[in-house]
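Here is input06.cif, consisting of mmCIF, C-alpha atoms:
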data_my_file
loop_
_atom_site.label_atom_id
_atom_site.label_comp_id
_atom_site.auth_asym_id
_atom_site.auth_seq_id
_atom_site.Cartn_x
_atom_site.Cartn_y
_atom_site.Cartn_z
CA MET D 1316 0.00 0.00 0.00
CA LYS D 1317 1.45 3.32 -1.06
CA GLN D 1318 1.78 6.45 1.01
CA GLY D 1319 -1.19 8.74 0.41
CA ALA D 1320 -3.30 5.97 -1.16
CA GLN D 1321 -5.77 7.19 -3.71
CA GLY D 1322 -8.96 5.59 -5.02
CA SER D 1323 -12.15 5.80 -3.03
CA ALA D 1324 -10.33 7.06 0.05
CA GLY D 1325 -7.66 9.10 -1.71
CA THR D 1326 -9.11 12.51 -1.12
CA GLY D 1327 -8.82 12.16 2.62
CA GLY D 1328 -11.50 14.85 2.77
CA VAL D 1329 -14.32 15.17 5.18
CA GLU D 1330 -17.80 15.67 3.82
CA ARG D 1331 -20.25 17.90 5.61
CA GLU D 1332 -23.98 17.65 5.98
CA VAL D 1333 -26.74 19.63 7.62
CA ASP D 1334 -27.69 18.42 11.07
CA LEU D 1335 -31.46 18.60 11.61
CA ALA D 1336 -32.57 20.17 14.86
CA ALA D 1337 -36.07 20.94 16.10
CA GLY D 1338 -37.56 24.29 15.03
CA ALA D 1339 -40.39 26.23 16.62
CA VAL D 1340 -41.98 29.68 16.82
CA ARG D 1341 -42.68 31.01 20.29
CA VAL D 1342 -46.00 32.83 20.44
CA PRO D 1343 -46.23 35.59 23.11
CA PRO D 1344 -49.34 35.13 25.27
CA GLN D 1345 -50.65 38.66 24.46
CA MET D 1346 -50.91 37.90 20.73
CA ARG D 1347 -54.36 37.56 19.25
CA ALA D 1348 -55.53 34.19 17.96
CA SER D 1349 -55.34 35.38 14.34
CA ASP D 1350 -51.78 36.63 14.83
CA ALA D 1351 -50.80 33.33 16.40
CA ALA D 1352 -52.27 31.43 13.46
CA ARG D 1353 -50.36 33.58 10.97
CA ALA D 1354 -47.14 33.07 12.93
CA SER D 1355 -47.67 29.31 12.95
CA ASP D 1356 -48.32 29.29 9.19
CA THR D 1357 -45.16 31.33 8.62
CA ALA D 1358 -43.13 28.85 10.66
CA ARG D 1359 -44.44 25.93 8.63
CA ALA D 1360 -43.71 27.72 5.35
CA ARG D 1361 -40.15 28.47 6.44
CA ALA D 1362 -39.65 24.82 7.33
CA GLU D 1363 -40.90 23.69 3.92
CA VAL D 1364 -38.85 26.24 1.96
CA GLY D 1365 -35.78 25.28 3.92
CA SER D 1366 -36.03 21.71 2.56
CA GLY D 1367 -35.76 20.18 5.98
CA VAL D 1368 -33.12 22.58 7.37
CA ARG D 1369 -34.40 23.43 10.81
CA GLY D 1370 -32.93 25.46 13.62
CA GLU D 1371 -34.42 26.49 16.94
CA HIS D 1372 -35.46 30.16 16.73
CA THR D 1373 -38.00 32.73 17.86
CA HIS D 1374 -40.42 34.65 15.63
CA SER D 1375 -37.76 37.36 15.15
CA GLU D 1376 -34.79 35.07 14.40
CA VAL D 1377 -33.51 33.65 11.12
CA PRO D 1378 -32.82 29.86 11.26
CA ILE D 1379 -29.09 29.07 11.13
CA PRO D 1380 -28.21 25.54 9.98
CA ARG D 1381 -25.53 23.66 11.89
CA THR D 1382 -22.96 21.48 10.14
CA VAL D 1383 -21.47 18.31 11.52
CA VAL D 1384 -18.78 15.94 10.33
CA GLN D 1385 -20.18 13.07 8.27
CA ARG D 1386 -17.81 10.40 9.55
CA ALA D 1387 -19.78 7.53 8.04
CA SER D 1388 -18.80 8.61 4.52
CA VAL D 1389 -15.09 8.71 5.36
CA ARG D 1390 -15.31 5.35 7.11
CA GLY D 1391 -17.03 3.85 4.06
CA GLN D 1392 -14.31 5.11 1.74
CA ILE D 1393 -11.60 3.73 4.00
CA LEU D 1394 -13.45 0.40 4.25
CA ASP D 1395 -13.59 0.13 0.45
CA ALA D 1396 -9.88 0.97 0.19
CA LEU D 1397 -8.95 -1.61 2.84
CA ARG D 1398 -11.03 -4.29 1.14
CA THR D 1399 -9.24 -3.54 -2.11
CA ALA D 1400 -5.88 -3.76 -0.33
CA LEU D 1401 -6.87 -7.15 1.06
CA VAL D 1402 -7.79 -8.56 -2.34
CA THR D 1403 -4.66 -7.22 -4.04
CA GLY D 1404 -2.43 -8.49 -1.24
CA GLU D 1405 -1.20 -5.06 -0.15
CA LEU D 1406 -2.35 -5.97 3.36
CA LEU D 1407 -0.29 -9.09 4.00
CA PRO D 1408 -1.71 -12.10 5.88
CA GLY D 1409 -0.22 -12.34 9.36
CA GLU D 1410 0.95 -8.71 9.46
CA VAL D 1411 -0.25 -6.26 12.11
CA TYR D 1412 -1.39 -2.77 11.05
CA SER D 1413 -2.16 0.10 13.41
CA GLY D 1414 -4.93 2.65 13.01
CA PRO D 1415 -2.61 5.69 13.22
CA ALA D 1416 -0.17 4.30 10.64
CA LEU D 1417 -2.92 3.48 8.14
CA GLY D 1418 -4.60 6.80 8.87
CA GLU D 1419 -1.39 8.61 7.95
CA ARG D 1420 -1.21 6.73 4.66
CA PHE D 1421 -4.79 7.63 3.79
CA GLY D 1422 -4.50 11.20 5.03
CA VAL D 1423 -7.20 10.80 7.68
CA SER D 1424 -7.33 10.40 11.45
CA ALA D 1425 -7.05 6.99 13.06
CA THR D 1426 -10.72 6.97 14.07
CA PRO D 1427 -12.35 6.11 10.70
CA VAL D 1428 -9.58 3.58 10.06
CA ARG D 1429 -10.29 1.82 13.35
CA GLU D 1430 -14.02 1.85 12.61
CA ALA D 1431 -13.42 0.32 9.18
CA MET D 1432 -11.07 -2.27 10.67
CA GLN D 1433 -13.72 -3.20 13.25
CA GLN D 1434 -16.08 -3.96 10.36
CA LEU D 1435 -13.40 -6.10 8.71
CA ALA D 1436 -12.98 -7.91 12.03
CA LEU D 1437 -16.70 -8.73 12.00
CA GLU D 1438 -16.28 -10.07 8.47
CA GLY D 1439 -13.37 -12.26 9.58
CA ALA D 1440 -10.72 -10.51 7.50
CA VAL D 1441 -8.68 -9.22 10.45
CA GLU D 1442 -8.42 -9.81 14.17
CA VAL D 1443 -7.87 -7.31 16.95
CA VAL D 1444 -4.43 -7.26 18.58
CA PRO D 1445 -4.77 -5.34 21.88
CA ASN D 1446 -2.61 -2.20 22.10
CA ARG D 1447 -1.15 -2.84 18.65
CA GLY D 1448 -3.82 -2.76 15.96
CA PHE D 1449 -5.24 -5.40 13.64
CA ARG D 1450 -3.68 -8.56 12.23
CA VAL D 1451 -4.70 -9.76 8.76
CA VAL D 1452 -6.06 -13.28 9.12
CA GLU D 1453 -3.94 -16.05 7.62
CA ARG D 1454 -5.90 -18.44 5.43
CA GLY D 1455 -4.90 -21.69 3.82
CA ALA D 1456 -6.14 -23.79 0.90
CA ARG D 1457 -8.39 -25.83 3.19
CA GLU D 1458 -10.38 -22.78 4.29
CA LEU D 1459 -10.76 -21.70 0.67
CA ALA D 1460 -12.06 -25.16 -0.25
CA GLU D 1461 -14.51 -25.07 2.67
CA LEU D 1462 -15.82 -21.69 1.56
CA ALA D 1463 -16.30 -23.00 -2.00
CA GLU D 1464 -18.23 -25.99 -0.66
CA VAL D 1465 -20.55 -23.84 1.46
CA ARG D 1466 -21.14 -21.42 -1.42
CA ALA D 1467 -22.01 -24.33 -3.71
CA LEU D 1468 -24.46 -25.75 -1.16
CA ILE D 1469 -26.23 -22.41 -1.02
CA GLU D 1470 -26.07 -21.11 -4.57
CA VAL D 1471 -26.27 -24.18 -6.82
CA PRO D 1472 -29.79 -25.28 -5.77
CA VAL D 1473 -31.02 -21.68 -6.06
CA VAL D 1474 -29.59 -21.23 -9.57
CA LEU D 1475 -31.08 -24.55 -10.71
CA ARG D 1476 -34.48 -23.53 -9.32
CA LEU D 1477 -34.25 -20.15 -11.02
CA ALA D 1478 -33.25 -21.84 -14.28
CA ARG D 1479 -36.68 -23.49 -14.33
CA SER D 1480 -38.73 -20.47 -13.28
CA VAL D 1481 -37.14 -17.23 -14.51
CA SER D 1482 -38.11 -16.03 -17.97
CA VAL D 1483 -35.66 -15.82 -20.84
CA GLU D 1484 -36.18 -12.06 -20.95
CA ARG D 1485 -35.09 -11.65 -17.31
CA TRP D 1486 -31.93 -13.67 -17.92
CA ALA D 1487 -31.15 -11.60 -21.01
CA GLU D 1488 -31.24 -8.47 -18.83
CA LEU D 1489 -28.13 -9.76 -17.02
CA ARG D 1490 -26.02 -9.74 -20.18
CA PRO D 1491 -24.41 -6.33 -19.43
CA VAL D 1492 -23.40 -7.55 -15.95
CA ALA D 1493 -21.76 -10.66 -17.37
CA GLU D 1494 -19.96 -8.66 -20.05
CA ALA D 1495 -18.75 -6.18 -17.42
CA SER D 1496 -17.11 -9.07 -15.55
CA VAL D 1497 -15.32 -10.09 -18.77
CA ARG D 1498 -13.95 -6.57 -19.22
CA ALA D 1499 -12.88 -6.44 -15.58
CA ALA D 1500 -11.06 -9.77 -15.96
CA SER D 1501 -9.27 -8.51 -19.06
CA SER D 1502 -7.82 -5.65 -16.99
CA GLY D 1503 -5.90 -8.18 -14.93
CA CYS D 1504 -6.70 -6.26 -11.73
CA ARG D 1505 -7.86 -8.68 -9.05
CA ALA D 1506 -9.67 -6.00 -7.07
CA THR D 1507 -11.57 -4.75 -10.14
CA TYR D 1508 -12.56 -8.28 -11.10
CA ALA D 1509 -13.50 -9.22 -7.54
CA GLU D 1510 -16.13 -6.50 -7.51
CA ALA D 1511 -17.47 -7.40 -10.96
CA ASP D 1512 -17.52 -11.09 -10.04
CA ARG D 1513 -19.62 -10.43 -6.94
CA ALA D 1514 -21.91 -8.16 -8.96
CA PHE D 1515 -22.74 -10.97 -11.40
CA HIS D 1516 -23.46 -13.53 -8.70
CA ARG D 1517 -25.50 -10.97 -6.78
CA ALA D 1518 -27.56 -10.14 -9.88
CA VAL D 1519 -28.38 -13.82 -10.40
CA LEU D 1520 -29.33 -14.45 -6.77
CA LEU D 1521 -31.44 -11.28 -6.56
CA LEU D 1522 -33.87 -12.99 -8.94
CA SER D 1523 -34.75 -15.31 -6.05
CA GLY D 1524 -36.27 -12.38 -4.14
CA ASN D 1525 -34.51 -13.57 -0.97
CA GLU D 1526 -32.49 -10.66 0.46
CA GLN D 1527 -31.09 -12.76 3.33
CA LEU D 1528 -29.78 -15.33 0.88
CA VAL D 1529 -28.09 -12.60 -1.16
CA GLN D 1530 -26.38 -11.12 1.91
CA VAL D 1531 -25.10 -14.47 3.19
CA ALA D 1532 -23.88 -15.55 -0.23
CA GLU D 1533 -22.09 -12.25 -0.84
CA ASP D 1534 -20.34 -12.43 2.53
CA LEU D 1535 -19.06 -15.93 1.71
CA HIS D 1536 -18.05 -14.78 -1.77
CA ARG D 1537 -16.08 -11.83 -0.40
CA ARG D 1538 -14.24 -14.10 2.04
CA SER D 1539 -13.30 -16.47 -0.76
CA GLN D 1540 -11.58 -13.61 -2.62
CA TRP D 1541 -8.98 -12.88 0.06
CA PRO D 1542 -5.48 -14.11 -0.84
CA LEU D 1543 -3.92 -17.13 0.79
CA VAL D 1544 -0.83 -17.14 3.00
CA GLY D 1545 2.31 -16.47 0.97
CA GLY D 1546 0.29 -15.43 -2.06
CA SER D 1547 0.06 -19.05 -3.23
CA ALA D 1548 -2.69 -19.84 -5.72
CA ALA D 1549 -2.97 -16.16 -6.60
CA ARG D 1550 -5.18 -15.78 -9.64
CA GLY D 1551 -3.52 -14.28 -12.67
CA ARG D 1552 -5.12 -12.53 -15.63
CA ALA D 1553 -5.69 -15.80 -17.52
CA ASP D 1554 -7.50 -17.29 -14.52
CA LEU D 1555 -9.71 -14.23 -14.21
CA ILE D 1556 -10.60 -14.32 -17.90
CA ALA D 1557 -11.47 -18.04 -17.71
CA ASP D 1558 -13.64 -17.42 -14.66
CA ALA D 1559 -15.49 -14.54 -16.35
CA ALA D 1560 -16.03 -16.66 -19.47
CA GLU D 1561 -17.99 -19.08 -17.30
CA HIS D 1562 -20.34 -16.24 -16.39
CA THR D 1563 -21.27 -15.66 -20.03
CA ALA D 1564 -21.46 -19.41 -20.72
CA LEU D 1565 -23.79 -19.87 -17.74
CA LEU D 1566 -25.98 -17.02 -18.90
CA ASP D 1567 -26.16 -18.54 -22.42
CA ALA D 1568 -27.25 -21.87 -20.92
CA LEU D 1569 -29.86 -20.19 -18.71
CA ILE D 1570 -31.31 -18.33 -21.69
CA ALA D 1571 -31.34 -21.60 -23.69
CA ARG D 1572 -32.91 -23.39 -20.67
CA ASP D 1573 -30.29 -26.13 -20.95
CA LEU D 1574 -30.44 -27.45 -17.38
CA ASP D 1575 -27.72 -30.08 -17.89
CA VAL D 1576 -25.22 -27.43 -18.98
CA VAL D 1577 -26.34 -25.10 -16.18
CA ARG D 1578 -25.83 -27.84 -13.60
CA GLY D 1579 -22.35 -28.64 -14.88
CA LEU D 1580 -21.28 -25.00 -15.08
CA VAL D 1581 -22.39 -23.89 -11.63
CA GLY D 1582 -20.85 -26.96 -9.99
CA GLY D 1583 -17.52 -26.51 -11.74
CA HIS D 1584 -17.53 -22.74 -11.24
CA PHE D 1585 -17.46 -23.02 -7.44
CA ALA D 1586 -14.96 -25.88 -7.48
CA ALA D 1587 -12.58 -23.61 -9.41
CA GLY D 1588 -13.07 -20.82 -6.88
CA GLY D 1589 -15.35 -18.68 -9.06
#
Encoded form using structure tokens:
Amino acid sequence: MKQGAQGSAGTGGVEREVDLAAGAVRVPPQMRASDAARASDTARARAEVGSGVRGEHTHSEVPIPRTVVQRASVRGQILDALRTALVTGELLPGEVYSGPALGERFGVSATPVREAMQQLALEGAVEVVPNRGFRVVERGARELAELAEVRALIEVPVVLRLARSVSVERWAELRPVAEASVRAASSGCRATYAEADRAFHRAVLLLSGNEQLVQVAEDLHRRSQWPLVGGSAARGRADLIADAAEHTALLDALIARDLDVVRGLVGGHFAAGG
């Protein structure tokens, strides 16, 4: 990982947003009922014109919006950058990385880095090392094979069921997603292809209408994309292209309603780590 990493977190900037606070108009007790009604209407009109920007004020004050730091956006950018670094191998398995050191590289404080790392810890990518930082989890070929087996158990039956029920027109709508994965594979960038690969699988599974299934499958898929210890079995450009070609072949079989070919392709796809 290079000093001052760019990409989704490269700006190191902090976005700002309007913080919504309650607004009201105080009506003096000596005001007549008609005056009070007009004051109330004016307050409502100001609230609508302000497009949701509210600030506590009296009938003689102009609302002043407050701004707060939108930390979630920065954390999301850092999380994306760290996930990319995991896939490309810039974050090495077994190595410990501290929040302040990574924050310096990204040009941000340690806080959003720690928050992003905590999310990666929940996903199983890193583990917390007290008073030091986060260690990238070391994975071997056995874990990768186990992930492929679990993914196959979940996704293969769903794809076969969808092959019988989804219309040809719906499958044809996924052609741009499959072709995008082919272009991503041709770039030779593992991080770029990893995202396109997940996008294709997600698009297929979304046809099931089961959001929980999609979330579980995508989590398993993301885990299967992390590199192994020592960089062994790292997928080169040719491997990525072959994997993406299976996406288009599967889509062709689904459109043709050739269930035998579909069954063979989805089974082999997961066995090859697709």
Axis-aligned box for all listed atoms of stretch 1494-1503 of chain D, 8 Å per side, centre and edges in Å to one decimal, as AutoDock Vina command-line options:
--center_x -12.9 --center_y -7.9 --center_z -17.5 --size_x 30.1 --size_y 20.4 --size_z 21.1
Can you list what the PyMOL selection byres ((chain D and resi 1414) around 8) grabs from this structure, as a PyMOL selection string?
chain D and resi 1412-1413+1415-1418+1425-1426+1428-1429+1448
Quick one: of D:Ala1518, D:Leu1468, D:Val1474, D:Ala1493, who's nearest to D:Asp1558, counting only C-alpha atoms?
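Closest residue, counting only C-alpha atoms: D:Ala1493.
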Hey, what's within 8 Å of D:Leu1566 if we count all atoms listed in the file and toss same-chain stuff fewer than 4 positions away? As a list in words, please?
Trp1486, Ala1487, Leu1489, Arg1490, Ala1493, His1562 and Ile1570 of chain D
Counting all atoms listed in the file, the option among D:Glu1484, D:Asp1554, D:Glu1470, D:Asp1575 closest to D:Arg1517
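Ranked by minimum distance to D:Arg1517, first place goes to D:Glu1470.
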Which of these, D:Leu1435, D:Leu1528, D:Leu1565, D:Ala1511, has the shortest distance to D:Leu1401 once you count all atoms listed in the file?
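Distance minimum relative to D:Leu1401 lands on D:Leu1435.
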Skip stretch 1458-1467 of chain D itself and residues of its chain fewer than 4 positions away, then list as a PDB file with C-alpha atoms, in the frame of the given file all residues within 10 Å of it, counting all atoms listed in the file.
ATOM      1  CA  GLU D1453      -3.940 -16.050   7.620  1.00  0.00           C
ATOM      2  CA  ARG D1454      -5.900 -18.440   5.430  1.00  0.00           C
ATOM      3  CA  VAL D1471     -26.270 -24.180  -6.820  1.00  0.00           C
ATOM      4  CA  PRO D1472     -29.790 -25.280  -5.770  1.00  0.00           C
ATOM      5  CA  VAL D1473     -31.020 -21.680  -6.060  1.00  0.00           C
ATOM      6  CA  VAL D1531     -25.100 -14.470   3.190  1.00  0.00           C
ATOM      7  CA  ALA D1532     -23.880 -15.550  -0.230  1.00  0.00           C
ATOM      8  CA  GLU D1533     -22.090 -12.250  -0.840  1.00  0.00           C
ATOM      9  CA  ASP D1534     -20.340 -12.430   2.530  1.00  0.00           C
ATOM     10  CA  LEU D1535     -19.060 -15.930   1.710  1.00  0.00           C
ATOM     11  CA  HIS D1536     -18.050 -14.780  -1.770  1.00  0.00           C
ATOM     12  CA  ARG D1538     -14.240 -14.100   2.040  1.00  0.00           C
ATOM     13  CA  SER D1539     -13.300 -16.470  -0.760  1.00  0.00           C
ATOM     14  CA  GLN D1540     -11.580 -13.610  -2.620  1.00  0.00           C
ATOM     15  CA  TRP D1541      -8.980 -12.880   0.060  1.00  0.00           C
ATOM     16  CA  PRO D1542      -5.480 -14.110  -0.840  1.00  0.00           C
ATOM     17  CA  LEU D1543      -3.920 -17.130   0.790  1.00  0.00           C
ATOM     18  CA  VAL D1581     -22.390 -23.890 -11.630  1.00  0.00           C
ATOM     19  CA  GLY D1582     -20.850 -26.960  -9.990  1.00  0.00           C
ATOM     20  CA  GLY D1583     -17.520 -26.510 -11.740  1.00  0.00           C
ATOM     21  CA  HIS D1584     -17.530 -22.740 -11.240  1.00  0.00           C
ATOM     22  CA  PHE D1585     -17.460 -23.020  -7.440  1.00  0.00           C
ATOM     23  CA  ALA D1586     -14.960 -25.880  -7.480  1.00  0.00           C
ATOM     24  CA  ALA D1587     -12.580 -23.610  -9.410  1.00  0.00           C
ATOM     25  CA  GLY D1588     -13.070 -20.820  -6.880  1.00  0.00           C
ATOM     26  CA  GLY D1589     -15.350 -18.680  -9.060  1.00  0.00           C
TER      27      GLY D1589
END
With distances taken over all atoms listed in the file, the candidate from D:Val1483, D:Leu1569, D:Val1451, D:Arg1537 nearest D:Ala1506 is D:Arg1537
Applied to the shown file, which residues does the PyMOL selection byres ((chain D and resi 1393) around 8) return, written as a count of residues only?
14
One number please: atom CA of D:Leu1522 to atom CA of D:Ile1556, in Å, one decimal.
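Spanning atom CA of D:Leu1522 to atom CA of D:Ile1556 is a straight-line distance of 25.0 Å.
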Could you pull the residues within 8 Å of stretch 1572-1574 of chain D, counting only C-alpha atoms, minus those fewer than 3 positions along the same chain, as an MDAnalysis selection string?
chainID D and resid 1475 1478:1479 1568:1569 1577:1578
Which distance in Å separates atom CA of D:Gln1530 and atom CA of D:Ala1564, to one decimal?
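According to the coordinates, atom CA of D:Gln1530 and atom CA of D:Ala1564 are separated by 24.6 Å.
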